[in-house]
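Pasting start-v2.txt here (compact mmCIF, C-alpha atoms):
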```
# COMPACT_ATOMS: atom_id res chain seq x y z
CA MET A 25 0.00 0.00 0.00
CA GLU A 26 1.41 3.37 -0.98
CA PRO A 27 1.26 6.35 1.41
CA ALA A 28 -1.94 8.40 1.15
CA SER A 29 -3.21 11.51 2.89
CA ARG A 30 -6.79 10.23 2.91
CA LYS A 31 -8.11 6.77 3.53
CA THR A 32 -11.44 5.00 3.86
CA ILE A 33 -11.70 3.24 7.19
CA THR A 34 -14.23 0.87 8.69
CA VAL A 35 -14.76 0.69 12.43
CA ASP A 36 -17.26 -0.90 14.78
CA VAL A 37 -18.20 1.56 17.50
CA ASN A 38 -20.39 0.20 20.30
CA GLY A 39 -21.73 -2.46 17.94
CA GLU A 40 -22.47 -0.17 14.99
CA GLN A 41 -20.49 -0.30 11.76
CA TYR A 42 -19.22 2.95 10.28
CA GLU A 43 -17.35 3.50 7.04
CA ARG A 44 -15.86 6.95 6.49
CA GLU A 45 -13.17 8.61 4.44
CA VAL A 46 -10.77 10.46 6.75
CA ASP A 47 -7.61 12.52 6.56
CA ALA A 48 -4.57 10.57 7.72
CA ARG A 49 -3.84 13.39 10.16
CA ARG A 50 -7.23 13.10 11.89
CA LEU A 51 -7.00 12.11 15.54
CA LEU A 52 -9.30 9.30 16.63
CA ILE A 53 -10.98 11.55 19.22
CA HIS A 54 -11.92 14.07 16.51
CA PHE A 55 -13.19 11.26 14.31
CA LEU A 56 -15.44 9.97 17.12
CA ARG A 57 -16.72 13.38 18.16
CA ASP A 58 -16.96 15.31 14.92
CA ASP A 59 -17.39 12.68 12.21
CA LEU A 60 -19.54 10.17 14.12
CA ASP A 61 -21.13 12.72 16.49
CA LEU A 62 -20.25 10.54 19.49
CA THR A 63 -19.44 13.38 21.85
CA GLY A 64 -19.36 11.35 25.06
CA SER A 65 -15.58 11.00 24.89
CA HIS A 66 -14.08 14.33 25.88
CA ILE A 67 -11.02 16.31 24.88
CA GLY A 68 -9.45 17.59 28.09
CA CYS A 69 -5.80 18.35 27.53
CA ASP A 70 -5.07 17.08 24.01
CA THR A 71 -1.56 16.18 25.19
CA GLY A 72 -2.13 12.64 26.43
CA ASN A 73 -2.14 13.55 30.12
CA CYS A 74 -5.75 13.76 31.26
CA GLY A 75 -7.38 10.58 29.93
CA ALA A 76 -10.82 12.19 29.29
CA CYS A 77 -10.67 10.75 25.74
CA SER A 78 -10.06 7.16 26.87
CA VAL A 79 -11.80 4.44 24.86
CA LEU A 80 -11.31 0.71 24.38
CA ILE A 81 -9.87 -0.50 21.08
CA ASP A 82 -10.30 -4.25 20.62
CA GLY A 83 -10.66 -4.40 24.40
CA THR A 84 -7.51 -2.39 25.12
CA LEU A 85 -7.72 0.93 26.96
CA VAL A 86 -6.14 3.80 24.98
CA LYS A 87 -6.22 7.58 24.87
CA SER A 88 -7.93 8.47 21.61
CA CYS A 89 -6.08 11.79 21.33
CA MET A 90 -2.80 9.88 20.93
CA MET A 91 -3.98 7.75 18.06
CA LEU A 92 -4.89 8.51 14.46
CA ALA A 93 -8.29 7.47 13.14
CA VAL A 94 -6.54 5.54 10.34
CA GLN A 95 -4.73 3.48 12.97
CA ALA A 96 -8.12 2.30 14.25
CA ASP A 97 -9.18 0.96 10.82
CA GLY A 98 -10.74 -2.48 11.20
CA THR A 99 -11.02 -2.33 14.98
CA LYS A 100 -13.85 -2.61 17.47
CA ILE A 101 -14.15 0.56 19.54
CA GLU A 102 -16.04 0.91 22.81
CA SER A 103 -16.82 4.38 24.12
CA VAL A 104 -18.87 5.64 27.04
CA GLU A 105 -22.03 5.73 24.89
CA GLY A 106 -21.93 1.92 24.78
CA LEU A 107 -22.06 1.38 28.54
CA ALA A 108 -25.76 1.99 29.23
CA ALA A 109 -28.02 -0.70 27.80
CA ASP A 110 -31.53 0.40 26.75
CA GLY A 111 -31.15 3.73 28.51
CA GLU A 112 -30.40 2.09 31.87
CA LEU A 113 -27.13 2.92 33.60
CA ASN A 114 -24.92 -0.12 33.99
CA ALA A 115 -23.69 -1.18 37.44
CA LEU A 116 -20.50 0.89 37.21
CA GLN A 117 -22.33 4.04 36.07
CA GLN A 118 -24.92 3.57 38.82
CA ALA A 119 -22.10 3.20 41.38
CA PHE A 120 -20.58 6.50 40.18
CA SER A 121 -23.96 8.15 40.70
CA ASP A 122 -24.58 6.51 44.08
CA HIS A 123 -21.14 7.40 45.46
CA HIS A 124 -21.06 10.97 44.16
CA ALA A 125 -18.03 10.05 42.07
CA LEU A 126 -18.44 13.04 39.78
CA GLN A 127 -18.93 16.73 40.19
CA CYS A 128 -18.43 18.60 36.93
CA GLY A 129 -18.44 15.30 35.05
CA TYR A 130 -15.84 16.22 32.48
CA CYS A 131 -13.45 13.38 33.33
CA THR A 132 -16.24 10.85 33.89
CA PRO A 133 -16.41 9.24 30.41
CA GLY A 134 -12.70 8.47 30.56
CA MET A 135 -12.86 7.34 34.19
CA LEU A 136 -15.70 4.97 33.33
CA MET A 137 -13.75 3.44 30.44
CA SER A 138 -10.61 3.01 32.58
CA ALA A 139 -12.68 1.42 35.34
CA THR A 140 -14.41 -0.82 32.76
CA ALA A 141 -11.02 -2.02 31.48
CA LEU A 142 -9.77 -2.59 35.03
CA LEU A 143 -12.82 -4.56 36.17
CA ARG A 144 -12.74 -6.80 33.11
CA GLN A 145 -9.19 -7.81 33.98
CA ASN A 146 -9.53 -7.85 37.72
CA LYS A 147 -12.93 -8.66 39.21
CA SER A 148 -12.06 -7.50 42.73
CA PRO A 149 -9.22 -4.99 42.62
CA SER A 150 -7.59 -3.65 45.78
CA GLU A 151 -7.60 0.09 46.43
CA ASP A 152 -3.99 0.28 45.16
CA GLU A 153 -4.94 -1.59 41.99
CA ILE A 154 -7.90 0.75 41.43
CA ARG A 155 -5.67 3.81 41.86
CA LYS A 156 -3.10 2.33 39.46
CA GLY A 157 -5.92 1.54 37.01
CA ILE A 158 -7.13 5.16 36.89
CA GLN A 159 -3.67 6.73 37.06
CA GLY A 160 -4.00 7.93 33.47
CA ASN A 161 -7.19 9.86 34.25
CA ILE A 162 -7.14 13.25 35.89
CA CYS A 163 -10.08 14.54 37.93
CA ARG A 164 -9.87 18.11 39.22
CA CYS A 165 -13.06 18.03 41.33
CA THR A 166 -13.44 14.96 43.47
CA GLY A 167 -10.04 14.23 44.94
CA TYR A 168 -10.55 10.69 43.60
CA VAL A 169 -11.80 9.24 46.90
CA ASN A 170 -15.40 8.81 45.75
CA ILE A 171 -14.28 7.52 42.34
CA VAL A 172 -12.27 4.81 44.06
CA GLU A 173 -15.26 4.04 46.33
CA ALA A 174 -17.58 3.77 43.31
CA ILE A 175 -15.26 1.39 41.48
CA LYS A 176 -14.86 -0.68 44.64
CA ALA A 177 -18.66 -0.89 44.98
CA ALA A 178 -19.13 -1.84 41.33
CA ALA A 179 -16.57 -4.61 41.75
CA LEU A 180 -18.54 -6.34 44.47
CA MET B 13 -5.29 19.71 17.94
CA LEU B 14 -5.01 19.54 14.19
CA LEU B 15 -1.90 17.86 12.86
CA ARG B 16 -0.09 19.09 9.81
CA GLU B 17 -1.07 17.16 6.69
CA VAL B 18 0.66 13.82 6.56
CA GLU B 19 0.59 10.71 4.41
CA TYR B 20 0.11 7.32 5.99
CA ALA B 21 0.99 3.77 5.04
CA ARG B 22 0.70 0.53 6.96
CA PRO B 23 3.09 -2.03 5.44
CA ALA B 24 2.88 -5.73 6.28
CA SER B 25 6.60 -6.57 6.31
CA VAL B 26 9.92 -5.10 7.43
CA GLU B 27 11.06 -5.17 3.81
CA GLU B 28 8.11 -3.07 2.69
CA ALA B 29 8.56 -0.67 5.62
CA LEU B 30 12.23 -0.18 4.69
CA ARG B 31 11.25 0.53 1.10
CA LEU B 32 8.73 3.18 2.20
CA LEU B 33 11.20 4.76 4.65
CA GLY B 34 13.93 4.76 2.01
CA GLU B 35 11.81 6.24 -0.77
CA ASN B 36 10.45 9.16 1.24
CA ASP B 37 12.90 11.64 2.76
CA GLY B 38 10.42 12.95 5.29
CA ALA B 39 9.19 9.53 6.38
CA ARG B 40 9.13 8.43 9.99
CA ALA B 41 8.32 5.04 11.47
CA LEU B 42 5.21 5.12 13.68
CA ALA B 43 5.32 2.62 16.54
CA GLY B 44 2.86 3.11 19.43
CA GLY B 45 2.63 6.84 18.79
CA GLN B 46 2.66 7.77 22.48
CA THR B 47 5.52 10.18 21.84
CA LEU B 48 5.35 10.83 18.10
CA ILE B 49 1.68 11.83 17.85
CA ASN B 50 2.18 14.37 20.64
CA VAL B 51 5.33 15.90 19.20
CA MET B 52 3.49 16.15 15.87
CA LYS B 53 0.74 18.15 17.61
CA ALA B 54 3.39 20.51 18.97
CA ARG B 55 5.05 20.62 15.52
CA ALA B 56 8.28 19.51 17.18
CA ALA B 57 8.24 16.79 14.52
CA SER B 58 6.61 17.19 11.14
CA PRO B 59 7.01 14.01 9.13
CA ASP B 60 5.63 13.96 5.57
CA VAL B 61 4.91 10.25 5.68
CA LEU B 62 4.08 7.99 8.61
CA VAL B 63 5.02 4.36 8.16
CA ASP B 64 2.86 2.54 10.71
CA LEU B 65 4.55 -0.65 11.91
CA ALA B 66 1.42 -2.05 13.60
CA ASP B 67 0.76 -4.82 11.04
CA ILE B 68 4.29 -6.22 10.99
CA GLY B 69 3.91 -9.35 13.09
CA GLU B 70 7.62 -10.16 13.03
CA LEU B 71 8.30 -6.96 15.03
CA ARG B 72 6.08 -8.04 17.91
CA GLY B 73 6.65 -10.67 20.54
CA ILE B 74 8.99 -11.98 23.20
CA GLU B 75 11.08 -15.12 22.91
CA LEU B 76 13.29 -16.74 25.50
CA GLY B 77 16.07 -18.74 23.86
CA ALA B 78 17.60 -21.93 25.24
CA ASP B 79 20.72 -19.87 26.05
CA GLY B 80 18.63 -17.56 28.25
CA MET B 81 18.75 -14.72 25.73
CA LEU B 82 15.51 -12.71 25.59
CA GLU B 83 14.55 -11.42 22.17
CA LEU B 84 12.04 -8.58 22.23
CA GLY B 85 10.47 -7.36 19.01
CA ALA B 86 10.67 -3.57 18.69
CA MET B 87 6.85 -3.25 18.55
CA THR B 88 6.33 -5.13 21.81
CA THR B 89 4.30 -2.92 24.14
CA TYR B 90 5.13 -2.20 27.79
CA THR B 91 1.98 -4.11 28.75
CA ASP B 92 3.13 -7.12 26.67
CA ILE B 93 6.41 -7.07 28.61
CA ILE B 94 4.71 -6.68 32.01
CA ASP B 95 2.35 -9.61 31.26
CA SER B 96 4.93 -11.89 29.64
CA ALA B 97 6.07 -15.03 31.47
CA GLU B 98 9.18 -15.15 29.27
CA ALA B 99 10.16 -11.55 30.08
CA ARG B 100 10.22 -12.47 33.78
CA ALA B 101 13.54 -14.17 33.02
CA ARG B 102 14.93 -10.64 33.44
CA PRO B 103 12.52 -9.29 36.10
CA ILE B 104 13.71 -5.67 35.96
CA LEU B 105 12.23 -5.28 32.45
CA GLY B 106 8.60 -5.70 33.54
CA GLU B 107 9.20 -3.83 36.79
CA VAL B 108 10.47 -0.75 35.00
CA CYS B 109 7.84 -0.92 32.24
CA ASN B 110 5.20 -0.90 35.00
CA GLN B 111 6.54 2.49 36.15
CA ILE B 112 6.05 4.17 32.77
CA ALA B 113 3.18 6.69 32.69
CA ASP B 114 -0.21 4.95 32.96
CA VAL B 115 -2.29 2.01 31.71
CA GLN B 116 -3.26 3.68 28.45
CA VAL B 117 0.31 4.65 27.54
CA ARG B 118 1.64 1.23 28.58
CA ASN B 119 -0.96 -0.43 26.35
CA ARG B 120 0.26 1.34 23.23
CA GLY B 121 3.82 2.48 23.95
CA THR B 122 6.52 0.13 22.67
CA ILE B 123 10.04 -0.78 23.74
CA GLY B 124 11.32 0.19 20.28
CA GLY B 125 9.53 3.53 20.31
CA ASN B 126 10.86 4.31 23.77
CA VAL B 127 14.49 3.79 22.77
CA CYS B 128 14.24 5.24 19.25
CA SER B 129 12.67 8.47 20.50
CA ASN B 130 15.60 8.63 22.97
CA ASP B 131 14.14 11.37 25.07
CA PRO B 132 16.82 11.74 27.79
CA THR B 133 14.14 11.33 30.49
CA ASN B 134 12.91 7.95 29.17
CA HIS B 135 13.24 4.89 31.39
CA LEU B 136 14.49 2.28 28.96
CA PRO B 137 17.68 3.81 27.50
CA PRO B 138 19.62 3.71 30.81
CA LEU B 139 18.10 0.33 31.71
CA LEU B 140 19.10 -1.32 28.41
CA VAL B 141 22.60 0.18 28.64
CA ALA B 142 23.07 -1.12 32.20
CA ILE B 143 21.89 -4.65 31.41
CA GLY B 144 23.99 -4.87 28.26
CA ALA B 145 21.24 -5.20 25.65
CA THR B 146 21.98 -5.43 21.93
CA MET B 147 19.94 -3.67 19.26
CA THR B 148 19.30 -5.16 15.83
CA ILE B 149 18.89 -2.56 13.10
CA ALA B 150 17.59 -3.43 9.64
CA GLY B 151 18.46 -1.39 6.58
CA ARG B 152 18.06 -1.99 2.88
CA ASP B 153 21.53 -3.57 2.83
CA GLY B 154 20.75 -6.03 5.60
CA GLU B 155 20.94 -6.23 9.37
CA ARG B 156 23.53 -5.07 11.86
CA THR B 157 23.74 -5.19 15.63
CA VAL B 158 24.77 -2.37 17.95
CA PRO B 159 25.38 -2.61 21.71
CA ALA B 160 22.92 -0.42 23.65
CA GLU B 161 25.79 1.70 24.98
CA GLU B 162 26.62 2.70 21.39
CA PHE B 163 23.00 2.99 20.21
CA PHE B 164 22.14 6.30 21.90
CA LEU B 165 23.90 9.14 20.09
CA GLY B 166 22.18 12.34 21.23
CA VAL B 167 18.87 13.86 22.25
CA TYR B 168 16.27 12.16 19.99
CA MET B 169 19.14 10.59 17.99
CA THR B 170 20.14 6.95 17.80
CA ALA B 171 22.24 4.64 15.66
CA ALA B 172 19.08 3.74 13.71
CA GLY B 173 19.52 6.30 10.94
CA PRO B 174 17.21 7.55 8.18
CA GLY B 175 15.81 4.66 6.17
CA GLU B 176 16.63 2.16 8.91
CA LEU B 177 14.48 0.35 11.42
CA LEU B 178 15.17 -1.01 14.89
CA THR B 179 13.71 -4.52 14.70
CA LYS B 180 14.77 -6.35 17.82
CA ILE B 181 16.30 -5.89 21.26
CA SER B 182 18.28 -8.79 22.72
CA VAL B 183 18.75 -8.99 26.47
CA PRO B 184 21.29 -11.42 27.99
CA PRO B 185 20.32 -13.56 30.99
CA GLY B 186 20.61 -12.08 34.47
CA ARG B 187 18.62 -11.14 37.53
CA ARG B 188 20.72 -8.90 39.74
CA ASP B 189 19.47 -5.56 38.46
CA GLY B 190 18.15 -2.42 40.09
CA PHE B 191 16.36 0.74 38.98
CA ALA B 192 15.78 3.87 41.03
CA SER B 193 14.24 7.16 39.98
CA VAL B 194 12.76 10.37 41.25
CA PRO B 195 9.84 11.13 38.94
CA ILE B 196 7.50 14.11 38.73
CA GLY B 197 4.53 12.52 40.48
CA LYS B 198 4.15 8.77 40.79
CA ASP B 199 5.22 7.05 37.57
CA GLY B 200 5.68 10.43 35.90
CA THR B 201 8.55 11.81 33.86
CA CYS B 202 11.89 11.11 35.52
CA ILE B 203 13.95 13.93 37.00
CA VAL B 204 16.86 11.52 37.35
CA ASN B 205 16.89 7.74 36.95
CA VAL B 206 19.64 5.18 37.46
CA ALA B 207 19.81 1.54 36.38
CA ALA B 208 22.32 -0.87 37.86
CA SER B 209 23.35 -4.38 36.90
CA LEU B 210 25.73 -6.72 38.73
CA ASP B 211 25.35 -9.74 36.51
CA ASP B 212 28.42 -9.95 34.35
CA GLY B 213 30.76 -9.98 37.34
CA ALA B 214 31.21 -6.22 37.23
CA VAL B 215 29.06 -3.29 38.35
CA ARG B 216 27.36 -1.41 35.51
CA LEU B 217 25.52 1.81 36.29
CA ALA B 218 23.66 3.88 33.71
CA ILE B 219 22.42 7.31 34.73
CA GLY B 220 19.56 8.91 32.80
CA CYS B 221 18.27 12.52 32.55
CA VAL B 222 21.70 14.07 33.27
CA ASP B 223 23.09 14.16 29.74
CA ALA B 224 21.93 13.70 26.14
CA VAL B 225 22.53 9.95 26.42
CA PRO B 226 22.73 7.56 29.38
CA VAL B 227 26.01 7.91 31.28
CA LEU B 228 27.60 4.46 31.74
CA LEU B 229 29.81 4.03 34.81
CA LYS B 230 31.64 0.98 36.07
CA PRO B 231 32.38 1.33 39.80
CA GLU B 232 35.01 -1.08 41.10
CA SER B 233 32.63 -2.61 43.62
CA THR B 234 29.17 -2.31 45.11
CA GLU B 235 30.59 -0.55 48.19
CA ASP B 236 28.97 2.85 48.83
CA GLY B 237 32.33 4.61 48.56
CA ALA B 238 33.09 3.06 45.18
CA VAL B 239 29.64 3.97 43.83
CA ARG B 240 29.82 7.55 45.15
CA GLY B 241 33.33 7.89 43.79
CA ALA B 242 32.32 6.70 40.33
CA VAL B 243 29.41 9.18 40.15
CA ALA B 244 31.56 12.04 41.44
CA GLY B 245 34.32 11.11 38.99
CA ALA B 246 31.91 11.39 36.06
CA ASN B 247 31.81 15.18 36.53
CA LEU B 248 28.16 15.26 35.51
CA ASP B 249 26.93 18.49 33.99
CA PRO B 250 23.15 17.95 34.07
CA PRO B 251 20.58 20.41 32.76
CA TRP B 252 18.42 22.50 35.11
CA ASP B 253 14.74 23.31 34.70
CA VAL B 254 11.66 24.11 36.78
CA HIS B 255 11.76 20.64 38.34
CA ALA B 256 15.35 20.53 39.52
CA SER B 257 18.55 22.53 39.58
CA ALA B 258 21.71 21.03 38.09
CA ASP B 259 23.11 20.62 41.62
CA TYR B 260 20.02 18.75 42.75
CA ARG B 261 20.23 16.43 39.73
CA ARG B 262 23.89 15.73 40.59
CA HIS B 263 22.83 14.94 44.15
CA LEU B 264 20.03 12.65 42.93
CA ALA B 265 22.42 10.84 40.59
CA GLU B 266 24.54 9.80 43.56
CA VAL B 267 21.64 8.89 45.85
CA LEU B 268 19.79 6.95 43.15
CA ALA B 269 22.98 5.14 42.10
CA LEU B 270 23.31 3.87 45.68
CA ARG B 271 19.65 2.81 45.73
CA ALA B 272 19.84 1.04 42.37
CA VAL B 273 23.01 -0.84 43.37
CA ALA B 274 21.46 -1.80 46.73
CA GLN B 275 18.37 -3.15 44.97
CA ALA B 276 20.50 -5.15 42.53
CA ALA B 277 22.75 -6.49 45.29
CA GLY B 278 19.76 -7.54 47.37
CA ARG B 279 18.38 -9.74 44.60
CA LYS B 280 19.30 -13.39 44.53
```
With the file now loaded, output its structure as structure tokens.
Amino acid sequence: MEPASRKTITVDVNGEQYEREVDARRLLIHFLRDDLDLTGSHIGCDTGNCGACSVLIDGTLVKSCMMLAVQADGTKIESVEGLAADGELNALQQAFSDHHALQCGYCTPGMLMSATALLRQNKSPSEDEIRKGIQGNICRCTGYVNIVEAIKAAAL
Amino acid sequence: MLLREVEYARPASVEEALRLLGENDGARALAGGQTLINVMKARAASPDVLVDLADIGELRGIELGADGMLELGAMTTYTDIIDSAEARARPILGEVCNQIADVQVRNRGTIGGNVCSNDPTNHLPPLLVAIGATMTIAGRDGERTVPAEEFFLGVYMTAAGPGELLTKISVPPGRRDGFASVPIGKDGTCIVNVAASLDDGAVRLAIGCVDAVPVLLKPESTEDGAVRGAVAGANLDPPWDVHASADYRRHLAEVLALRAVAQAAGRK
């Protein structure tokens, strides 16, 4: 395949197939938000520090601002929009609500995806493991305590 | 942030990647992208063509040879190394990879990307120098090997030149290694880091963040005096910035050298 500045990609996002032509320079987060109108994943810092753009690619947690859309061609993407089934919060989302694990909510989509990845790998993580699991996600409101509590509760 | 326009290709073999890198002057290999994508946002790098190595299976994976030699493909991620039973043959590798940034970065960042970007604050350049790793570099004229201590040439510069590709990192057997750092926040960017290895009968220390490339020292013994003397004798001239003065970095180099040697010596 010769280098090209535009490419047609196919992705599965939360169970739906999308085919789009994108610029090679387009970041995955912009593709999700602007091309697919899936604005649940947030852009916080755009430098790979804050984790608000975290999504799962083929089950692996990544920051979608540090990946090009063309790199995701052929993959299965899970974003925060896929967590609630039939409009009902899933157990993890409900735990965030119950434990007051969000204030402004900006970091929440990324936190939920990091916690989702953690709980799939580790059904009952210790507090240290939870903190290590969300290390790539910055929250400026909560002080993390209630986020850790919520993840602990969802793990039970 | 909008990147500058760039062309993209995803070859399926090392041969094809080398052809693409050789034919395009402004081409850069794209590994995990956890450094490159960000420096492209900042325009600190502006490649014309990205050659994505993600589909090249031969660049990924960890093998433990009968002779105890570990062979790590350049596209092996930090998470692959942390989770690998084979990589535990040299435990320090997974331990240090587990201190790099966060889950997301460890899932995509690669051992090859870490060393080829050769940011002086990276973890793996001093570690691979201390443990005596060997780098395999492929070019259009074939393969060559370079010891890690000769691989790092300057800030962001390595022996893998234009049109070449780091394909493999070979790590000899050994266990008595140590790594100590003072990072900015837990698992953050290192202010100073030191790797130590006692396995080949001698003491090898590699100090990171104090010069453009890791500083390799060979103290005569693991005694505190010998380690302090070796660091003092190196006449380090580290940079200063908002995180640390040059004097403080010199101080940390000595303290962390002692800690890294103690960790290595304490391992059976």
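Counting all atoms listed in the file, the residue from A:Met25, A:Val46, A:Val169, A:Cys74 that sits nearest to Met90 of chain A is A:Cys74.
Atom pair atom CA of Glu43 of chain A / atom CA of Lys31 of chain A has a distance of 10.4 Å (rounded to one decimal).
The protein and nucleic acid residues lying at most 8 Å from Phe55 of chain A are Val46, Arg50, Leu51, Asp59, Leu60 and Ala93 of chain A, with all atoms listed in the file considered and sequence neighbours fewer than 4 positions away removed.
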Check: which chain B residues lie within 10 Å of chain A using all atoms listed in the file, as a VMD selection string: chain B and resid 13 to 24 28 32 36 39 44 to 54 60 to 64 66 110 113 to 120 198 to 199
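The coordinates place atom CA of Ile171 of chain A at 12.2 Å from atom CA of Pro133 of chain A.
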Extending 5 Å beyond the listed atoms of segment 222-227 of chain B on each side, what axis-aligned box results? I want centre and edge lengths in Å to one decimal, as AutoDock Vina command-line options.
```
--center_x 23.9 --center_y 10.9 --center_z 29.7 --size_x 14.3 --size_y 16.6 --size_z 17.1
```
Excluding Ala43 of chain B and its own-chain neighbours fewer than 2 positions away, which residues fall within 8 Å of it when counting all atoms listed in the file? Please give them as a PyMOL selection string. chain B and resi 41+45+64-66+87+121-122+124-125
Have a look at atom CA of Asn205 of chain B and atom CA of Pro138 of chain B and let me know their distance in Å, one decimal. 7.8 Å
So that I can see what lies close to segment 257-269 of chain B, please list as a list in words the residues with an atom at most 6 Å from it, counting all atoms listed in the file and leaving out residues fewer than 5 positions away in the same chain. Ala192, Val206, Arg240, Val243, Pro250, Pro251 and Trp252 of chain B
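The environment of Ser103 of chain A within 10 Å, counting only C-alpha atoms and disregarding residues fewer than 6 places along the same chain, consists of Val37, Asn38, Leu56, Leu62, Thr63, Gly64, Ser65, Cys77, Ser78, Val79, Leu80, Ile81, Pro133, Gly134, Leu136 and Met137 of chain A.
Residues with any atom within 12 Å of Gly129 of chain A, counting only C-alpha atoms and excluding same-chain neighbours fewer than 6 positions away, are Gly64, Ser65, His66, Gly68, Ala76, Gln117, Phe120, Ser121, Met135, Leu136, Ile162, Cys163, Arg164, Cys165, Thr166 and Ile171 of chain A.
Nearest residue to Asp131 of chain B, choosing from B:Val167, B:Ile196, B:Val26, B:Ala78 and counting all atoms listed in the file: B:Val167.
These residues, each with an atom at most 10 Å from (17.5, 11.0, 19.1) using only C-alpha atoms, are B:Val127, B:Cys128, B:Ser129, B:Asn130, B:Asp131, B:Pro132, B:Phe163, B:Phe164, B:Leu165, B:Gly166, B:Val167, B:Tyr168, B:Met169, B:Thr170, B:Ala171, B:Ala172, B:Gly173, B:Ala224, B:Val225.
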Top pick for closest residue to Glu173 of chain A, considering A:Ile33, A:Ala139, A:Leu107, A:Ile101 and counting all atoms listed in the file: A:Ala139
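Of the listed residues (A:Ala174, A:Ala109, A:Asn146, A:Glu153), A:Ala174 comes nearest to Leu126 of chain A; the distances count all atoms listed in the file.
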Could segment 75-122 of chain B be written out with C-alpha atoms, as an mmCIF file, in the first residue's frame, please?
```cif
data_model
loop_
_atom_site.group_PDB
_atom_site.id
_atom_site.type_symbol
_atom_site.label_atom_id
_atom_site.label_comp_id
_atom_site.auth_asym_id
_atom_site.auth_seq_id
_atom_site.Cartn_x
_atom_site.Cartn_y
_atom_site.Cartn_z
ATOM 1 C CA GLU B 75 11.084 -15.121 22.908
ATOM 2 C CA LEU B 76 13.289 -16.739 25.496
ATOM 3 C CA GLY B 77 16.071 -18.745 23.862
ATOM 4 C CA ALA B 78 17.604 -21.933 25.236
ATOM 5 C CA ASP B 79 20.722 -19.872 26.047
ATOM 6 C CA GLY B 80 18.626 -17.562 28.250
ATOM 7 C CA MET B 81 18.754 -14.725 25.732
ATOM 8 C CA LEU B 82 15.508 -12.712 25.594
ATOM 9 C CA GLU B 83 14.546 -11.420 22.167
ATOM 10 C CA LEU B 84 12.035 -8.576 22.233
ATOM 11 C CA GLY B 85 10.467 -7.355 19.014
ATOM 12 C CA ALA B 86 10.672 -3.574 18.692
ATOM 13 C CA MET B 87 6.850 -3.248 18.549
ATOM 14 C CA THR B 88 6.333 -5.133 21.810
ATOM 15 C CA THR B 89 4.304 -2.923 24.144
ATOM 16 C CA TYR B 90 5.125 -2.201 27.786
ATOM 17 C CA THR B 91 1.982 -4.112 28.748
ATOM 18 C CA ASP B 92 3.125 -7.119 26.666
ATOM 19 C CA ILE B 93 6.413 -7.073 28.609
ATOM 20 C CA ILE B 94 4.706 -6.677 32.007
ATOM 21 C CA ASP B 95 2.347 -9.607 31.256
ATOM 22 C CA SER B 96 4.926 -11.890 29.644
ATOM 23 C CA ALA B 97 6.070 -15.029 31.475
ATOM 24 C CA GLU B 98 9.185 -15.145 29.266
ATOM 25 C CA ALA B 99 10.157 -11.553 30.083
ATOM 26 C CA ARG B 100 10.217 -12.470 33.778
ATOM 27 C CA ALA B 101 13.541 -14.175 33.020
ATOM 28 C CA ARG B 102 14.932 -10.640 33.441
ATOM 29 C CA PRO B 103 12.522 -9.291 36.099
ATOM 30 C CA ILE B 104 13.708 -5.675 35.958
ATOM 31 C CA LEU B 105 12.230 -5.278 32.454
ATOM 32 C CA GLY B 106 8.601 -5.702 33.540
ATOM 33 C CA GLU B 107 9.201 -3.829 36.791
ATOM 34 C CA VAL B 108 10.471 -0.747 34.998
ATOM 35 C CA CYS B 109 7.839 -0.915 32.239
ATOM 36 C CA ASN B 110 5.203 -0.901 34.997
ATOM 37 C CA GLN B 111 6.540 2.494 36.151
ATOM 38 C CA ILE B 112 6.051 4.165 32.773
ATOM 39 C CA ALA B 113 3.178 6.689 32.690
ATOM 40 C CA ASP B 114 -0.211 4.946 32.964
ATOM 41 C CA VAL B 115 -2.292 2.014 31.712
ATOM 42 C CA GLN B 116 -3.262 3.685 28.447
ATOM 43 C CA VAL B 117 0.306 4.646 27.536
ATOM 44 C CA ARG B 118 1.643 1.234 28.579
ATOM 45 C CA ASN B 119 -0.961 -0.434 26.351
ATOM 46 C CA ARG B 120 0.262 1.344 23.227
ATOM 47 C CA GLY B 121 3.823 2.482 23.946
ATOM 48 C CA THR B 122 6.521 0.127 22.674
#
```
